[in-house]
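Student: Structure incoming, see below.
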Amino acid sequence: MRDVYVAGIGITTFTRLEFALSEIASYASMMALKDAGITEVDQVYVANMGSPRVNHQTALASAVADSLSLTPAGAAAIENGPASGGSAIKAGYQAVASGMDDVVLVAGVERMREVNGLEATDFVATLTHPIAEYIYGVTLPAHAAMFTRLYMDKYGVTERHLAMVGVKNQNAALNNEWAHLQQEISLEGILDSPEAMTNNPYVAEPLRFFDACPVSDGGAAIILVSEEKAKELGGPMIKLSGVGQATDTHTVHEREEPTDLLAVRKAAADAFAMAGKTPEDVDVAELHDAFTILEIVESEEVGFFPKGEGHIALEKGETALGGKIPINVGGGLKGRGHPVGATGIAQAWEIVTQLRGDGEARQVEDAEVGFTCNFGGFGNNVVCLVFEKEA
Amino acid sequence: MAREIYAYKCRLCDTEHYPFRMVCKNCKQNDFFEFDTVPLPRDGKLLTYTRVYNLPPQYEVPTLGLGIVELENGMRMLGQLDIDEPKAGMAVKGSVEIVREETYDNYYGMVFRGA
Amino acid sequence: MSVDLEKILRPIDSEMAPYEPKYMLLASGEAAVVRAVDRDEIPDLLKHVEPLLHVERDYYDVVASRVYAELLSHYQYRFQDQYVLAVQVDGELAAIVNGRQVTPNLGLSLHTLALRRGLRIGAHAFAAKMEYHFDVLGHDEVLIVAESPIGFRRWMIEYKLEKRFEIPHELGGVPSWALTRELFDAARSSLVVGRRPVPPEILDKAMEAILPPSDPPTPALDPLSATRSQYDPTASALMVQRWAMEEGLQDA
């Protein structure tokens with residue numbers, strides 16, 4: 001297989017975007033093409049979860065390829081739930097590594113705020129098992145809540161730990177001009193003051209409003225190229241060196257140990273093995289904190305901390321900027337927003353920004369190895385990536 | 001006839017599954033639908049639970065209790081809870097009732113109450 | 001003659017006990033003040049409501065135009081027994097709520113308009129006006145409707161209102177819902193927050209001036225984009241606006 005490099009990145013603001021879906025994808029892609037300094041690609045992949053249902057548009061990749069005047073490049077959309085972005089990057093990796101394509105544009109996009117929040121919740125819930133979960137009214141917050149309850153009982157995670165993740169990530173987003181939430185929050189305001197429980201009501205007990213990511217629109221894009229092409233373009237050499245993907249049972253109740261996220265564990269292990277790295281080598285990580293609990297659990301499953309000790313590392317500040325392993329310094333899904341199809345690409349966008357040293361106020365010092373975990377379903381389809389800066 | 005929710009028992013190795021899967025998780029040898037249906041038991045204990053406040057638009061109730069129950073045969077299932085103050089480990093009993101209505105369609109599923 | 005006519009047209013407001021200001025800490029850690037707005041301050045609110053008339057999403061246009069009409073007619077003495085409360089954060093306008101007294105026992109909720117979002121200021125403001133109806137004015141019941149699905153779900157979840165479908169609500173003639181004293185008391189502990197008295201330095205800042213909201217909702221860049229969304233079916237009005245805009249561009 002050939003080595004694969006990131007030649008360009010682009011992103012839109014994550015917020016409510018009142019543009020056509022394909023325009024959002026195209027804007028981020030245009031930024032990435034300009035960043036790489038190219039106007040032609042061999043292949044386009046567009047990650048998206050809900051366009052047929054939410055936006056009444058199908059065959060999105062064709063629309064994006066044409067809008068960017070990239071025809072006659074190949075184009076295909078990739079729908080893989082919230083892991084669509086990571087999956088599209090994997091497809092792009094395979095295309096370049098195999099030698100089939102030299103330049104691949106991988107974009108991700110979602111426009112969820114075209115419908116109201118209740119419809120958006122229902123749309124995301126369609127990824128659950130249709131007969132054994134969805135019909136009961138299960139939502140992703142409900143799954144996360146039931147999981148959290150088990151985790152609290154087993155490992156001693158408390159609502160305070162969850163709130164600490166929320167405050168860390170939402171306030172980190174203040175350093176990221178592309179992030180959705182630009183509103184500082186405090187532990188006092190969401191946990192300790194007499195008004196806190198009213199400010200921060202339950203979404204699904206024991207998860208509260210500020211434990212969940214916002215519903216966002218947004219797009220992100222990344223250009224993957226061969227080593228030869230990367231050298232020709234002359235930008236910073238950021239290598240996509242590890243890719244891992246794993247699945248788990250569709251229903252959550254069928255998992256032998258319901259507090260394990262085996263797909264996260266396997267995808268991360270595979271990505272690290274492929275890159276020849278270990279979790280200790282990682283300087284900066286993007287974890288899929290659609291709910292605050294997930295950042296804590298993923299930090300354990302990917303190997304940064306022993307199982308059951310993620311919340312202790314959080315308490316010690318090890319996951320904050322300046323800590324041992326800074327996680328979600330650009331806000332994560334919680335602060336940046338979670339346009340589901342775009343999230344996996346946005347995570348890669350943040351890591352590449354960090355490895356290039358362009359993180360400004362949120363820059364992790366001397367970042368050379370970055371890691372992303374893009375969590376689909378409720379942990380039943382996970383993509384992990386390792387990126388490295390080459391001198 | 002009382003409504004049931006079924007587990008699917010592999011005709012080759014007797015492993016039971018809920019929900020249905022095309023190929024047995026244990027022996028992986030099935031031909032098309034080589035499963036027998038076996039009604040799921042109604043008794044079990046509550047493993048974990050939540051109360052959801054942001055429901056899909058079809059629901060006309062303000063909140064909904066949900067939980068995962070470990071049934072007496074060791075299998076697990078997710079169901080709605082009609083329990084005011086659920087506790088992990090409490091004994092529950094299920095009953096098959098309407099769990100979702102969409103316009104003219106009714107969907108049946110398990111609703112658990114304290115046993 | 002004209003003086004006499006004004007006497008006929010101008011309603012005689014009932015005596016309504018004043019709302020004592022309160023404050024609460026928001027999720028951000030900032031203090032928000034909820035206080036009554038006097039009639040002579042109404043123009044200060046109107047200038048911040050007017051831009052929202054053009055925000056064609058989440059029913060901001062419908063709510064803002066109705067609020068504008070209610071406030072303006074209150075100011076010009078064409079609305080009986082209306083009260084207006086404002087939420088201010090560091091002087092900045094964050095939400096407006098209003099309602100009216102129908103009879104000494106019955107209140108009617110008009111609108112809740114949030115100008116700053118993401119901190120549940122609208123929920124605090126709604127709770128404050130229900131507090132005013134039940135605890136200060138002594139109403140037994142308040143009639144309520146919602147224009148947006150979000151509003152509907154919010155009070156349905158948080159207050160579990162009763163149906164009063166035989167009563168058309170003053171807002172659009174749609175069937176009413178009601179918050180009863182019993183339901184309010186049940187929701188009180190989790191929803192009605194706030195501390196009194198407001199420390200003088202915080203209250204003075206609020207009373208000094210109603211400052212412009214720092215991050216109010218703004219119209220879409222493409223005025224037609226909202227027509228693509230399922231719950232903003234305002235296509236014809238927007239098309240007329242677009243034609244007008246295009247004509248304006250040609251003139252310029």
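Following the order of the structure tokens, first chain is A, next is B, and so on, with residues numbered from 1 inside each chain and ligands from 1 in the order they appear.
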Tell me which protein, DNA and RNA residues are within 10 Å of Ala285 of chain A, counting only C-alpha atoms, leaving out same-chain ones fewer than 6 positions away, and put them as a list in words.
Tutor: Pro279, Ser299, Phe304, Thr319, Ile325, Pro326, Ile327, Asn328, Val329, Gly332, Gln347, Ala348, Glu350, Ile351, Gln354, Val369, Gly370, Phe371, Thr372, Cys373, Leu385 and Val386 of chain A
Student: Residues of the last selection are to be written out with N, CA and C atoms, as an mmCIF file, in the first residue's frame.
Tutor:
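Dumped to again.cif:
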data_model
loop_
_atom_site.group_PDB
_atom_site.id
_atom_site.type_symbol
_atom_site.label_atom_id
_atom_site.label_comp_id
_atom_site.auth_asym_id
_atom_site.auth_seq_id
_atom_site.Cartn_x
_atom_site.Cartn_y
_atom_site.Cartn_z
ATOM 1 N N PRO A 279 -0.979 4.455 22.357
ATOM 2 C CA PRO A 279 -1.716 5.619 22.897
ATOM 3 C C PRO A 279 -0.779 6.614 23.580
ATOM 4 N N SER A 299 -11.878 7.788 26.306
ATOM 5 C CA SER A 299 -10.483 8.033 26.708
ATOM 6 C C SER A 299 -9.900 6.777 27.361
ATOM 7 N N PHE A 304 -5.885 5.618 26.495
ATOM 8 C CA PHE A 304 -5.179 6.717 27.164
ATOM 9 C C PHE A 304 -5.107 6.469 28.671
ATOM 10 N N THR A 319 -6.748 15.863 30.668
ATOM 11 C CA THR A 319 -7.349 15.897 29.333
ATOM 12 C C THR A 319 -7.561 17.326 28.837
ATOM 13 N N ILE A 325 -2.697 14.475 27.968
ATOM 14 C CA ILE A 325 -3.236 14.178 26.658
ATOM 15 C C ILE A 325 -4.455 15.076 26.407
ATOM 16 N N PRO A 326 -4.234 16.245 25.814
ATOM 17 C CA PRO A 326 -5.344 17.183 25.602
ATOM 18 C C PRO A 326 -6.394 16.582 24.658
ATOM 19 N N ILE A 327 -7.657 16.598 25.114
ATOM 20 C CA ILE A 327 -8.750 16.015 24.338
ATOM 21 C C ILE A 327 -9.751 17.109 23.979
ATOM 22 N N ASN A 328 -10.119 17.148 22.717
ATOM 23 C CA ASN A 328 -11.145 18.075 22.222
ATOM 24 C C ASN A 328 -10.816 19.535 22.528
ATOM 25 N N VAL A 329 -9.617 19.948 22.175
ATOM 26 C CA VAL A 329 -9.209 21.328 22.460
ATOM 27 C C VAL A 329 -9.948 22.337 21.579
ATOM 28 N N GLY A 332 -14.645 19.894 20.711
ATOM 29 C CA GLY A 332 -15.291 18.585 20.551
ATOM 30 C C GLY A 332 -16.670 18.746 19.934
ATOM 31 N N GLN A 347 -13.232 16.340 12.925
ATOM 32 C CA GLN A 347 -12.212 15.869 13.876
ATOM 33 C C GLN A 347 -10.844 15.826 13.192
ATOM 34 N N ALA A 348 -10.811 15.300 11.966
ATOM 35 C CA ALA A 348 -9.550 15.246 11.219
ATOM 36 C C ALA A 348 -9.052 16.658 10.927
ATOM 37 N N GLU A 350 -9.461 19.285 12.754
ATOM 38 C CA GLU A 350 -8.856 19.840 13.970
ATOM 39 C C GLU A 350 -7.458 19.256 14.188
ATOM 40 N N ILE A 351 -7.323 17.944 13.998
ATOM 41 C CA ILE A 351 -6.024 17.304 14.234
ATOM 42 C C ILE A 351 -4.987 17.822 13.236
ATOM 43 N N GLN A 354 -3.870 21.169 14.237
ATOM 44 C CA GLN A 354 -2.930 21.075 15.359
ATOM 45 C C GLN A 354 -1.544 20.636 14.897
ATOM 46 N N VAL A 369 1.763 13.763 16.884
ATOM 47 C CA VAL A 369 0.890 12.623 16.598
ATOM 48 C C VAL A 369 -0.516 12.968 17.089
ATOM 49 N N GLY A 370 -1.489 12.811 16.205
ATOM 50 C CA GLY A 370 -2.876 13.105 16.570
ATOM 51 C C GLY A 370 -3.759 11.899 16.340
ATOM 52 N N PHE A 371 -4.894 11.878 17.059
ATOM 53 C CA PHE A 371 -5.772 10.709 17.035
ATOM 54 C C PHE A 371 -7.230 11.170 17.005
ATOM 55 N N THR A 372 -8.055 10.483 16.214
ATOM 56 C CA THR A 372 -9.492 10.777 16.230
ATOM 57 C C THR A 372 -10.290 9.507 16.449
ATOM 58 N N CYS A 373 -11.421 9.665 17.135
ATOM 59 C CA CYS A 373 -12.355 8.553 17.314
ATOM 60 C C CYS A 373 -13.740 9.037 16.903
ATOM 61 N N LEU A 385 -8.614 7.077 13.685
ATOM 62 C CA LEU A 385 -7.559 7.469 12.748
ATOM 63 C C LEU A 385 -6.347 7.979 13.528
ATOM 64 N N VAL A 386 -5.153 7.723 12.969
ATOM 65 C CA VAL A 386 -3.924 8.282 13.531
ATOM 66 C C VAL A 386 -3.273 9.147 12.459
#
Student: Report as a PyMOL selection string the set of chain B residues whose atoms approach chain C to within 9 Å, with distances computed over only C-alpha atoms.
Tutor: chain B and resi 53-54+57+60-63
Student: Using only C-alpha atoms, select each residue of chain A with any atom at most 8 Å away from an atom of chain C, and give the selection as a VMD selection string.
Tutor: chain A and resid 18 to 20 114 to 118 183 to 190 193 to 200
Student: Each residue of chain A with at least one atom at most 8 Å from chain B should appear once, together with its nearest atom pair and the corresponding distance in Å (one decimal); atoms considered: only C-alpha atoms; ordering: chain, then increasing residue number; output as CSV.
Tutor:
residue,atom,partner,partner_atom,distance
A:Leu118,CA,B:Pro56,CA,5.2
A:Glu119,CA,B:Pro56,CA,6.3
A:Thr121,CA,B:Pro56,CA,6.2
A:Asp122,CA,B:Pro56,CA,4.9
A:Ile131,CA,B:Pro19,CA,7.6
A:Ala132,CA,B:Pro19,CA,6.1
A:Glu133,CA,B:Leu78,CA,6.6
A:Ile135,CA,B:Arg100,CA,5.9
A:Tyr136,CA,B:Val99,CA,5.6
A:Gly137,CA,B:Leu55,CA,7.0
A:Val138,CA,B:Leu66,CA,7.5
A:Thr139,CA,B:Leu55,CA,7.5
A:Pro141,CA,B:Val52,CA,7.8
A:Ala142,CA,B:Val52,CA,6.1
A:Ala145,CA,B:Thr50,CA,6.1
A:Met146,CA,B:Tyr49,CA,5.2
A:Phe147,CA,B:Thr48,CA,7.6
A:Arg149,CA,B:Thr48,CA,6.5
A:Leu150,CA,B:Thr48,CA,6.4
A:Tyr202,CA,B:Tyr53,CA,6.9
A:Val203,CA,B:Tyr53,CA,5.1
A:Ala204,CA,B:Val52,CA,4.2
A:Glu205,CA,B:Thr50,CA,5.1
A:Pro206,CA,B:Thr50,CA,7.1
A:His253,CA,B:Arg76,CA,5.8
A:Glu254,CA,B:Arg76,CA,6.7
Student: For Ser216 of chain A, list every protein, DNA or RNA residue within 9 Å, evaluated using only C-alpha atoms, and leave out those in the same chain fewer than 6 positions away; present the list as a ChimeraX atom specification.
Tutor: /A:14-17,110-113,180,336-340
Student: Would you work out the distance separating atom CA of His288 of chain A from atom CA of Asn374 of chain A, expressed in Å to one decimal?
Tutor: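 It comes out at 5.6 Å.
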Student: Give me, please, the distance in Å between atom CA of Ala172 of chain A and atom CA of Gly331 of chain A, quoted to one decimal.
Tutor: 4.8 Å
